[in-house]
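Single-structure report; data block below.
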Amino acid sequence: MNVLVAGANGHTGRLIVQKLALDGVHHAYAMVRSEDQVESLKNLGAERVIVADLEAQDLSAVVRGCDAVIFAAGSGSKTGPEKTIGVDEEGANKLVDAAKMNGVKRFVMLSSVGADGDIKDYNGSLKHYVEAKGRADRYLQESGVNYTIVRPGLLTHAPAKGKVDIRKHYEYEEHEGRSISRADLAHVLVASLDNPHVKNKIFEMYSGQDPIDKALRDFE
């Protein structure tokens with residue numbers, strides 16, 4: 001399966017590319033914004049590196065030849081609303097449209113807890129971020145493309161644990177003090193490509209006690 005990774009040069013995106021390159025099943029097509037990033041992504045194992053800007057162009061050609069997309073791009077919570085909307089919402093929507101037009105079979109969206117509209121957990125700069133993520137999630141859901149939407153909590157650079165806790169929704173008090181490593185997040189995003197149990201589903205996620213494959217298999 002040829003998998004386009006949008007946001008491939010980000011912290012999580014690079015881990016996704018490595019994971020795809022090592023699993024022996026998928027071929028990583030890394031989407032980056034700058035020619036300066038091409039060689040680095042090839043060294044990580046990307047079979048192909050595509051230079052394209054989510055904000056600036058039609059993306060039909062970008063997804064051509066791809067069977068699946070993992071959207072791991074993000075403006076970050078510290079950017080202003082205009083940049084966040086341009087990348088996290090409008091950029092995601094354009095890629096969804098391109099995927100649909102080109103018959104892409106799977107679209108795995110990296111979202112965020114709070115994107116379901118329960119934004120009382122957030123304030124300030126995070127508010128516009130989770131709102132944009134939520135709108136992009138809804139656009140994907142309504143597109144007709146087979147999807148999985150993954151909403152992790154606070155991300156860390158800790159080593160992979162290989163165990164997670166996934167739920168449809170965490171209550172407000174259940175977020176306190178919880179996080180998940182980017183390495184485990186990358187594992188979940190890649191595993192979601194082929195797992196029928198999370199097809200057309202949305203889940204929130206933190207580090208936990210269930211092995212990743214079991215957590216995905218048991219999710220309802």
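All residue names refer to the structure tokens as shown: chains lettered A, B, ... in order, residues numbered from 1 in each chain, ligands numbered from 1 in order.
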Near stretch 141-146 of chain A, within 7 Å and counting only C-alpha atoms, which residues show up once chain neighbours fewer than 5 positions away are dropped, as a JSON list (two decimals) with N, CA and C atoms, in the first residue's frame?
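Okay, this is what ended up in out-v1.json:
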```
[["chain", "number", "residue", "atom", "x", "y", "z"],
["A", 100, "LYS", "N", -10.55, 11.79, -2.41],
["A", 100, "LYS", "CA", -11.81, 11.30, -2.95],
["A", 100, "LYS", "C", -11.79, 11.27, -4.47],
["A", 105, "LYS", "N", -8.29, 4.78, -0.81],
["A", 105, "LYS", "CA", -9.11, 3.83, -0.06],
["A", 105, "LYS", "C", -9.24, 4.15, 1.43],
["A", 106, "ARG", "N", -8.21, 4.79, 2.02],
["A", 106, "ARG", "CA", -8.22, 5.03, 3.47],
["A", 106, "ARG", "C", -7.63, 6.39, 3.76],
["A", 107, "PHE", "N", -8.20, 7.05, 4.75],
["A", 107, "PHE", "CA", -7.69, 8.35, 5.18],
["A", 107, "PHE", "C", -7.65, 8.33, 6.71],
["A", 199, "LYS", "N", -12.33, 1.24, 11.18],
["A", 199, "LYS", "CA", -12.78, 1.85, 9.93],
["A", 199, "LYS", "C", -14.02, 2.70, 10.20],
["A", 200, "ASN", "N", -13.96, 3.94, 9.72],
["A", 200, "ASN", "CA", -15.04, 4.91, 9.88],
["A", 200, "ASN", "C", -15.40, 5.14, 11.36]]
```
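Every protein, DNA or RNA residue with an atom at most 12 Å from A:Ser40, where only C-alpha atoms count and chain neighbours fewer than 5 positions away do not, is listed here: A:Ala8, A:Asn9, A:Gly10, A:Arg14, A:Val17, A:Gln18, A:Ala30, A:Val32, A:Ser34, A:Glu35, A:Gly45, A:Ala46, A:Glu47, A:Arg48, A:Val49.
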- prompt: Skipping near chain neighbours, those fewer than 5 positions away, what residues fall within 10 Å of A:Leu59 using only C-alpha atoms, listed as JSON, numbers by chain?
  reply: {"A": [52, 53, 54, 64, 91, 94, 95, 96, 97, 98, 99]}
message: Between atom CA of A:Ala92 and atom CA of A:His128, what is the distance in Å, rounded to a tenth?
response: 15.3 Å
task: With a distance cut-off of 7 Å and only C-alpha atoms, select the neighbouring residues of A:Gln209, excluding the residue or stretch itself and same-chain residues fewer than 2 positions from it, and output the selection as an MDAnalysis selection string.
output: chainID A and resid 163:165 211
